[in-house]
>>> print(open('query.cif').read())   # mmCIF, C-alpha atoms
data_input
#
loop_
_atom_site.label_atom_id
_atom_site.label_comp_id
_atom_site.auth_asym_id
_atom_site.auth_seq_id
_atom_site.Cartn_x
_atom_site.Cartn_y
_atom_site.Cartn_z
CA MET X 1 115.74 213.60 207.71
CA GLU X 2 115.92 210.05 206.37
CA SER X 3 117.11 209.13 202.89
CA LEU X 4 114.36 208.25 200.43
CA TYR X 5 116.58 205.75 198.66
CA GLU X 6 120.01 204.27 199.22
CA GLU X 7 122.43 201.64 198.06
CA ARG X 8 122.43 198.97 200.74
CA THR X 9 125.13 196.33 201.18
CA THR X 10 124.24 193.19 203.13
CA GLU X 11 126.85 190.63 204.17
CA TYR X 12 126.16 187.02 205.07
CA PHE X 13 129.07 185.20 206.71
CA TYR X 14 129.34 181.42 206.82
CA ASP X 15 131.05 180.88 210.17
CA PHE X 16 132.46 177.38 210.02
CA ALA X 17 133.30 177.40 213.73
CA VAL X 18 129.59 177.84 214.50
CA LEU X 19 127.83 176.16 211.58
CA GLY X 20 130.19 173.27 210.94
CA ALA X 21 130.69 171.50 207.63
CA LEU X 22 128.25 171.70 204.72
CA ALA X 23 128.17 168.38 202.87
CA ALA X 24 128.37 168.21 199.09
CA GLY X 25 124.98 168.69 197.45
CA ASN X 26 123.53 170.52 200.46
CA THR X 27 122.62 174.20 200.55
CA TRP X 28 122.99 177.01 203.07
CA MET X 29 120.38 179.78 203.09
CA PRO X 30 120.75 182.30 205.94
CA THR X 31 117.83 184.31 207.27
CA PRO X 32 117.74 188.14 207.29
CA LYS X 33 118.57 187.99 211.01
CA ASP X 34 121.89 186.30 210.17
CA ALA X 35 123.21 189.37 208.32
CA ARG X 36 126.31 191.07 209.63
CA ILE X 37 126.08 194.39 211.55
CA VAL X 38 122.30 194.87 211.37
CA ASP X 39 119.93 192.91 213.60
CA ASP X 40 117.60 192.16 210.69
CA ALA X 41 118.24 192.73 206.97
CA ALA X 42 114.55 192.45 206.07
CA LEU X 43 113.02 195.52 204.46
CA ASP X 44 110.68 197.85 206.33
CA GLU X 45 107.02 197.53 205.36
CA ASP X 46 107.14 200.68 203.22
CA GLU X 47 110.34 199.73 201.36
CA VAL X 48 111.04 197.88 198.11
CA ALA X 49 114.44 196.92 196.72
CA GLU X 50 116.29 195.70 193.65
CA LEU X 51 119.37 193.46 193.80
CA TYR X 52 121.84 194.58 191.15
CA THR X 53 124.95 192.52 191.91
CA MET X 54 126.69 190.22 194.39
CA GLU X 55 130.17 189.39 195.61
CA ILE X 56 131.41 185.98 196.71
CA LEU X 57 134.41 186.04 199.07
CA ASN X 58 135.97 182.59 199.13
CA PRO X 59 139.52 183.09 200.46
CA ASN X 60 139.88 179.47 201.57
CA SER X 61 139.09 178.04 198.12
CA GLU X 62 136.04 176.20 199.37
CA PRO X 63 134.14 174.14 196.74
CA ILE X 64 131.15 176.44 196.34
CA GLU X 65 129.45 174.91 193.33
CA ALA X 66 126.92 177.72 192.80
CA VAL X 67 125.12 180.63 194.44
CA TRP X 68 121.67 182.07 193.75
CA VAL X 69 118.99 184.01 195.63
CA LYS X 70 115.53 183.50 197.09
CA LEU X 71 113.19 186.49 196.85
CA ASP X 72 110.59 187.26 199.51
CA ASP X 73 110.73 183.69 200.86
CA ALA X 74 108.95 182.60 197.68
CA LEU X 75 110.92 182.49 194.42
CA GLU X 76 114.32 180.83 194.05
CA ASP X 77 116.08 182.24 190.98
CA ASP X 78 118.45 179.35 190.36
CA ASP X 79 117.58 179.13 186.68
CA GLU X 80 118.52 182.61 185.51
CA LEU X 81 121.10 183.18 188.27
CA PHE X 82 123.45 180.21 188.71
CA PRO X 83 127.06 181.45 188.98
CA SER X 84 129.99 179.39 190.18
CA GLY X 85 131.46 180.30 193.56
CA ASP X 86 134.46 177.98 193.27
CA TRP X 87 137.89 179.63 193.44
CA ASN X 88 139.03 178.59 189.96
CA THR X 89 135.82 179.61 188.21
CA LEU X 90 134.57 182.37 190.49
CA MET X 91 132.03 184.43 188.53
CA LEU X 92 131.18 187.11 191.12
CA PRO X 93 134.57 187.88 192.71
CA PRO X 94 135.20 190.57 195.34
CA TRP X 95 135.24 193.90 193.55
CA GLN X 96 138.70 194.93 194.74
CA ARG X 97 140.17 191.75 193.24
CA ILE X 98 138.68 191.90 189.74
CA ARG X 99 141.09 192.67 186.91
CA HIS X 100 140.04 195.82 185.03
CA LYS X 101 137.01 196.12 187.37
CA GLN X 102 134.75 194.02 185.13
CA VAL X 103 131.91 193.80 187.64
CA ILE X 104 128.92 191.75 186.47
CA ARG X 105 125.68 193.62 187.13
CA PHE X 106 122.26 192.02 186.86
CA GLY X 107 120.75 195.23 185.48
CA LYS X 108 120.68 199.01 185.70
CA PRO X 109 118.93 200.28 188.83
CA ALA X 110 116.18 202.92 188.62
CA SER X 111 115.93 202.71 184.82
CA THR X 112 112.66 202.84 182.85
CA ASN X 113 114.27 200.86 180.02
CA LEU X 114 112.68 197.44 180.50
CA LEU X 115 115.62 195.62 178.93
CA GLU X 116 118.13 197.42 181.15
CA ASN X 117 116.31 197.31 184.48
CA THR X 118 116.60 193.53 184.90
CA THR X 119 117.59 193.66 188.55
CA PHE X 120 115.94 191.19 190.95
CA LYS X 121 112.95 192.87 192.66
CA TYR X 122 111.87 192.13 196.22
CA LYS X 123 109.59 193.59 198.90
CA LYS X 124 110.55 191.69 202.04
CA ASN X 125 113.95 190.11 201.82
CA CYS X 126 116.56 188.64 199.50
CA ARG X 127 118.47 185.62 200.79
CA PRO X 128 121.52 183.97 199.22
CA VAL X 129 121.48 180.23 198.62
CA VAL X 130 124.86 178.47 198.51
CA LEU X 131 125.31 174.97 197.06
CA ALA X 132 128.26 172.94 198.36
CA GLY X 133 130.33 171.19 195.70
CA VAL X 134 132.41 168.02 195.66
CA GLY X 135 134.15 167.43 198.99
CA GLY X 136 131.82 169.74 200.91
CA ILE X 137 132.50 173.09 202.56
CA GLY X 138 134.80 173.08 205.57
CA ASN X 139 135.77 176.71 206.15
CA ASP X 140 134.49 180.30 206.19
CA PHE X 141 133.18 182.32 203.25
CA THR X 142 131.05 185.43 202.73
CA VAL X 143 128.30 186.42 200.29
CA ILE X 144 127.64 190.15 199.81
CA LEU X 145 124.40 191.45 198.28
CA HIS X 146 124.25 194.91 196.68
CA SER X 147 120.77 196.43 196.41
CA TYR X 148 119.05 199.76 195.97
CA VAL X 149 116.27 200.32 198.50
CA TYR X 150 113.42 202.80 197.97
CA LYS X 151 110.87 204.52 200.18
CA PRO X 152 107.53 205.47 198.52
CA ALA X 153 108.52 209.12 198.10
CA ALA X 154 111.66 208.13 196.18
CA PHE X 155 109.59 207.45 193.08
CA GLY X 156 108.79 211.14 192.86
CA ILE X 157 112.46 212.08 192.49
CA ARG X 158 113.58 212.94 188.98
CA GLY X 159 115.79 210.18 187.59
CA VAL X 160 114.49 207.49 189.96
CA PHE X 161 112.41 205.42 187.57
CA GLY X 162 109.38 207.33 186.19
CA ALA X 163 106.75 206.41 183.59
CA LEU X 164 107.05 203.21 181.54
CA ASP X 165 106.24 202.77 177.86
CA GLY X 166 105.77 199.01 178.24
CA VAL X 167 108.13 198.28 175.32
CA VAL X 168 110.91 195.68 175.40
CA ARG X 169 113.12 196.40 172.38
CA VAL X 170 115.78 193.82 171.52
CA VAL X 171 118.28 195.29 169.07
CA ASP X 172 120.47 192.74 167.29
CA ALA X 173 122.79 195.28 165.66
CA THR X 174 125.26 192.96 163.94
CA ARG X 175 122.44 191.19 162.11
CA ASN X 176 120.45 194.38 161.45
CA ARG X 177 117.23 193.31 163.11
CA THR X 178 115.06 194.50 165.97
CA LEU X 179 112.47 192.57 167.95
CA THR X 180 109.85 194.76 169.65
CA LEU X 181 107.79 193.19 172.42
CA THR X 182 105.18 194.72 174.72
CA LYS X 183 104.45 194.42 178.40
CA SER X 184 100.95 195.85 178.11
CA ASP X 185 100.29 195.76 181.85
CA LEU X 186 103.13 198.26 182.38
CA ALA X 187 102.46 200.65 179.48
CA GLY X 188 101.81 204.21 180.65
CA ARG X 189 102.25 203.42 184.34
CA ARG X 190 104.67 205.06 186.74
CA VAL X 191 106.90 202.80 188.80
CA THR X 192 105.64 202.43 192.36
CA ALA X 193 105.64 199.71 194.98
CA ASP X 194 102.23 198.59 193.67
CA ILE X 195 103.72 197.22 190.42
CA TRP X 196 107.14 196.30 191.80
CA ASP X 197 106.74 192.52 191.37
CA LYS X 198 105.50 193.01 187.78
CA LEU X 199 108.70 194.72 186.61
CA PRO X 200 111.52 192.81 184.88
CA GLY X 201 113.22 190.67 187.50
CA GLY X 202 109.97 190.53 189.48
CA LYS X 203 108.37 187.28 190.56
CA THR X 204 104.85 188.00 189.20
CA GLN X 205 105.76 189.70 185.92
CA ALA X 206 103.71 188.94 182.81
CA THR X 207 104.97 187.50 179.52
CA PRO X 208 107.45 188.27 178.11
CA LYS X 209 109.27 187.71 181.38
CA VAL X 210 112.61 189.50 181.38
CA TRP X 211 115.45 188.31 183.59
CA PRO X 212 119.18 188.74 184.00
CA LEU X 213 121.19 185.71 182.94
CA LEU X 214 124.36 184.51 184.67
CA ARG X 215 125.09 180.84 184.31
CA PHE X 216 127.87 178.30 183.82
CA GLY X 217 128.21 174.69 182.74
CA TRP X 218 130.89 172.10 182.14
CA ASN X 219 131.07 169.28 179.62
CA ALA X 220 129.10 166.41 181.17
CA LYS X 221 130.43 163.96 178.60
CA ALA X 222 133.52 163.61 176.45
CA THR X 223 133.98 165.86 173.44
CA THR X 224 134.31 164.55 169.89
CA VAL X 225 137.35 165.63 167.90
CA ASN X 226 136.72 168.67 165.67
CA LYS X 227 132.97 168.63 166.33
CA ASP X 228 130.93 171.41 167.95
CA PHE X 229 130.21 170.67 171.60
CA LYS X 230 127.05 172.67 172.38
CA PHE X 231 126.61 172.38 176.17
CA HIS X 232 123.01 171.36 175.41
CA TYR X 233 121.07 169.76 178.24
CA ASP X 234 118.74 167.83 175.93
CA ASP X 235 121.78 166.14 174.37
CA GLY X 236 123.31 165.26 177.74
CA GLU X 237 126.17 167.72 177.25
CA VAL X 238 125.56 169.42 180.62
CA SER X 239 124.30 167.78 183.80
CA GLU X 240 121.34 170.03 184.62
CA GLU X 241 118.93 172.25 182.73
CA ARG X 242 120.04 175.28 184.73
CA ARG X 243 123.51 174.80 183.18
CA ASN X 244 122.17 174.72 179.62
CA LEU X 245 124.02 176.98 177.16
CA TRP X 246 122.22 176.06 173.91
CA TRP X 247 118.63 176.83 172.92
CA GLU X 248 116.12 175.51 170.38
CA PRO X 249 112.81 177.12 169.26
CA GLU X 250 110.80 174.79 171.48
CA ASP X 251 112.51 176.39 174.49
CA ASN X 252 110.62 179.64 173.82
CA LYS X 253 113.47 181.88 174.94
CA VAL X 254 115.12 184.98 173.57
CA VAL X 255 118.71 184.98 174.85
CA ILE X 256 120.99 188.01 174.80
CA ILE X 257 124.62 187.06 175.43
CA GLU X 258 126.76 190.01 176.51
CA ALA X 259 129.75 188.21 178.03
CA LEU X 260 131.41 184.86 177.41
CA GLY X 261 134.13 183.06 179.35
CA ILE X 262 135.86 179.68 179.30
CA ARG X 263 138.35 177.66 181.33
CA PRO X 264 139.63 175.38 178.56
CA HIS X 265 141.52 172.08 178.50
CA ALA X 266 145.04 171.59 177.12
CA ASN X 267 143.45 169.94 174.06
CA SER X 268 140.90 172.68 173.48
CA HIS X 269 140.92 174.47 170.13
CA PHE X 270 138.31 177.23 169.78
CA THR X 271 135.16 178.71 171.32
CA ALA X 272 132.38 180.76 169.77
CA LEU X 273 128.69 181.50 169.73
CA LYS X 274 126.69 179.90 166.95
CA VAL X 275 123.31 181.12 165.70
CA SER X 276 121.39 179.61 162.79
CA GLY X 277 124.44 177.64 161.77
CA GLU X 278 126.81 180.65 161.68
CA TYR X 279 129.76 181.14 164.01
CA MET X 280 129.88 184.48 165.81
CA PRO X 281 132.44 185.85 165.37
CA SER X 282 133.19 184.02 162.15
CA SER X 283 136.89 183.92 163.11
CA ARG X 284 136.02 182.28 166.46
CA PHE X 285 138.15 182.56 169.61
CA TYR X 286 141.32 180.49 169.86
CA THR X 287 141.10 179.26 173.46
CA VAL X 288 143.84 177.15 175.06
CA PRO X 289 145.10 177.51 178.66
CA ALA X 290 148.19 179.53 177.70
CA HIS X 291 146.39 181.75 175.20
CA ASN X 292 142.79 182.45 176.17
CA PRO X 293 141.11 185.78 175.45
CA LEU X 294 137.96 184.48 177.19
CA ILE X 295 139.53 183.52 180.52
CA PHE X 296 137.53 184.07 183.70
CA GLY X 297 137.99 183.09 187.33
CA GLU X 298 141.25 182.94 189.27
CA ALA X 299 144.28 184.70 187.80
CA ASN X 300 146.99 183.29 190.11
CA THR X 301 148.29 180.68 187.68
CA LEU X 302 148.92 183.35 185.05
CA LEU X 303 149.72 186.47 187.08
CA GLY X 304 151.08 185.08 190.33
CA TRP X 305 148.84 187.04 192.68
CA ASN X 306 145.32 186.77 194.06
CA GLU X 307 143.16 188.44 191.46
CA PHE X 308 140.30 187.27 189.27
CA PHE X 309 139.32 187.73 185.67
CA GLY X 310 135.73 188.83 185.15
CA ILE X 311 133.74 187.18 182.37
CA PRO X 312 134.92 189.07 179.26
CA ARG X 313 132.32 191.26 177.60
CA LEU X 314 131.84 190.64 173.90
CA PRO X 315 132.52 193.56 171.52
CA ASP X 316 128.93 193.19 170.28
CA LEU X 317 126.15 191.42 172.15
CA GLN X 318 124.64 188.44 170.35
CA VAL X 319 120.97 187.48 170.28
CA VAL X 320 119.52 183.98 170.00
CA MET X 321 115.80 184.08 169.19
CA ALA X 322 115.06 180.49 170.14
CA SER X 323 111.29 180.69 170.38
CA SER X 324 108.28 179.33 168.55
CA GLU X 325 106.01 181.91 170.20
CA GLY X 326 105.81 185.68 170.11
CA ILE X 327 108.37 186.43 167.40
CA PRO X 328 108.35 186.56 163.55
CA SER X 329 108.75 183.17 161.87
CA ALA X 330 111.91 184.36 160.11
CA TYR X 331 113.62 184.90 163.47
CA LYS X 332 113.01 181.44 164.96
CA GLU X 333 116.40 179.83 165.36
CA SER X 334 118.75 177.61 167.33
CA GLY X 335 121.90 178.86 168.97
CA GLY X 336 124.21 179.21 171.92
CA VAL X 337 127.79 178.43 172.94
CA ILE X 338 129.99 175.93 171.10
CA HIS X 339 133.49 174.61 171.77
CA GLN X 340 135.79 172.36 169.77
CA THR X 341 138.79 170.27 170.82
CA ASN X 342 141.47 168.71 168.63
CA VAL X 343 141.66 165.62 170.84
CA ALA X 344 138.74 164.00 172.67
CA VAL X 345 138.51 165.55 176.14
CA ALA X 346 136.92 163.60 179.00
CA ALA X 347 133.92 164.89 180.93
CA ASN X 348 134.22 167.66 183.52
CA ASN X 349 137.30 169.34 182.05
CA ILE X 350 135.90 172.40 180.22
CA VAL X 351 133.91 175.14 181.97
CA VAL X 352 132.00 177.87 180.14
CA ALA X 353 130.22 180.93 181.61
CA ILE X 354 127.85 183.47 180.08
CA ALA X 355 126.18 186.69 181.20
CA GLY X 356 123.37 188.69 179.63
CA LYS X 357 119.56 188.65 179.57
CA ILE X 358 116.93 186.00 178.94
CA LEU X 359 113.29 186.47 177.99
CA ASP X 360 110.66 183.82 178.67
CA MET X 361 108.13 184.00 175.81
CA VAL X 362 105.46 181.75 177.34
#
>>> encode(input="query.cif", output="structure tokens")
Amino acid sequence: MESLYEERTTEYFYDFAVLGALAAGNTWMPTPKDARIVDDAALDEDEVAELYTMEILNPNSEPIEAVWVKLDDALEDDDELFPSGDWNTLMLPPWQRIRHKQVIRFGKPASTNLLENTTFKYKKNCRPVVLAGVGGIGNDFTVILHSYVYKPAAFGIRGVFGALDGVVRVVDATRNRTLTLTKSDLAGRRVTADIWDKLPGGKTQATPKVWPLLRFGWNAKATTVNKDFKFHYDDGEVSEERRNLWWEPEDNKVVIIEALGIRPHANSHFTALKVSGEYMPSSRFYTVPAHNPLIFGEANTLLGWNEFFGIPRLPDLQVVMASSEGIPSAYKESGGVIHQTNVAVAANNIVVAIAGKILDMV
């Protein structure tokens, strides 16, 4: 008797001896037939799946600038999902090598909570996309996808999804406020394959669109002494919009930041989140290379062995309601990540990473 649902692990191996070098700025996107072990990693016609995390195995320290996924040969999620795969700033390390097992998950599988079940949904296949960084890729690496796969009868099992209330409830506990949004097309419906793409993390979902958020950026220009550096794309502080770490109301986003990491410079001073002009936490984080509570990425230089720090989870998640649509006027605000240095630091020397959720309000 076959299983009605299962956790499925799919490995994609970049075999340098076969594929050759990947030049900087180019991408590699394997097909389902390139997966290890199985002949074809595509789903059966009666299956659906949700991607809940990934691992990037980069033992040769190849310059993997970023990794994202393409769903069902249609949607490339390189906006919400844009983690570094470089050795020093690896954001999705191999599980066995993560200090304190701080695995980043895109969402909670099989949940009816629409703010928890932000996994990436697909019906055919999920393919990794790897972007080569400066110098190009000249050796092997592996990307591992972790998904839950469901047959139609799985949705009748107690605890495997169920009926939806259509409510997305954003609780900002430290500021004593709650934002309640509605996905009316999902209210009162049971999860089945018929509405799979309309769920959070699905490519045809209605507004508000709910996604996982995993992204990094570095300072694209020099910092100014004792002034907040906001990693804001519109101000030229990061090189691409998909690296943006600061939001304004015209962006029409609600951003929930659950984890924050930084690889600072020797002249760094502190890091924090800032919402409506207030630092969070008010004490801020003192972040210098030798004393950094927000460190992520490789741990060799501090510990002397091949492990990685996951992106540290914040004690309390922080919410930035940077939208001019769909929320009360009193909540419309600017916010995101800030960093200060006590000496001007040249471009490309400070790297910041965040994880959480992001809601598109239009």
>>> atom_distance(input="query.cif", atom1="atom CA of X:Gln340", atom2="atom CA of X:Phe229")
6.1 Å
>>> atom_distance(input="query.cif", atom1="atom CA of X:Trp28", atom2="atom CA of X:Ile311")
25.4 Å
>>> resolve_selection(input="query.cif", expression="the PyMOL selection byres ((chain X and resi 271) around 6)", output="VMD selection string")
chain X and resid 270 272 285 338 to 339
>>> residues_around(input="query.cif", residues="X:Asp165", least_positions_apart="5", cutoff="10 Å", atoms="only C-alpha atoms", output="JSON, numbers by chain")
{"X": [112, 113, 114, 182, 183, 184, 186, 187, 188, 189, 190]}
>>> atom_distance(input="query.cif", atom1="atom CA of X:Ala163", atom2="atom CA of X:Ile195")
11.8 Å
>>> residues_near_point(input="query.cif", point="(107.0, 189.5, 183.8)", cutoff="10 Å", atoms="all atoms listed in the file", output="NGL selection string")
:X and (183 or 185-186 or 197-211 or 359-361)
>>> resolve_selection(input="query.cif", expression="the PyMOL selection byres ((chain X and resi 222) around 7)", output="PDB file with C-alpha atoms, in the frame of the given file")
ATOM      1  CA  ASN X 219     131.070 169.280 179.620  1.00  0.00           C
ATOM      2  CA  LYS X 221     130.430 163.960 178.600  1.00  0.00           C
ATOM      3  CA  THR X 223     133.980 165.860 173.440  1.00  0.00           C
ATOM      4  CA  THR X 224     134.310 164.550 169.890  1.00  0.00           C
ATOM      5  CA  ALA X 344     138.740 164.000 172.670  1.00  0.00           C
ATOM      6  CA  VAL X 345     138.510 165.550 176.140  1.00  0.00           C
ATOM      7  CA  ALA X 346     136.920 163.600 179.000  1.00  0.00           C
ATOM      8  CA  ALA X 347     133.920 164.890 180.930  1.00  0.00           C
TER       9      ALA X 347
END
>>> closest_residue(input="query.cif", among="X:Gly217, X:Ser268, X:Tyr279, X:Lys101", to="X:Asn244", atoms="all atoms listed in the file")
X:Gly217
>>> resolve_selection(input="query.cif", expression="the PyMOL selection byres ((chain X and resi 102) around 9)", output="VMD selection string")
chain X and resid 95 98 to 101 103 to 104 309 to 313
>>> closest_residue(input="query.cif", among="X:Glu241, X:Glu250, X:Glu258, X:Glu62", to="X:Glu80", atoms="all atoms listed in the file")
X:Glu241
>>> residues_around(input="query.cif", residues="X:Leu273", least_positions_apart="5", cutoff="10 Å", atoms="all atoms listed in the file", output="ChimeraX atom specification")
/X:230,245-246,257,260,278-282,284-285,318-320,335-339
>>> residues_near_point(input="query.cif", point="(120.0, 183.1, 188.1)", cutoff="10 Å", atoms="only C-alpha atoms", output="list in words")
Ala66, Val67, Trp68, Val69, Glu76, Asp77, Asp78, Asp79, Glu80, Leu81, Phe82, Pro83, Phe106, Phe120, Trp211, Pro212, Leu213, Leu214, Arg215, Arg242 and Ala355 of chain X
>>> closest_residue(input="query.cif", among="X:Asn252, X:Asn58, X:Thr287, X:Ser239", to="X:Ile144", atoms="only C-alpha atoms")
X:Asn58
>>> residues_around(input="query.cif", residues="stretch 17-19 of chain X", least_positions_apart="4", cutoff="12 Å", atoms="all atoms listed in the file", output="PyMOL selection string")
chain X and resi 13+23+28-30+34+137-141
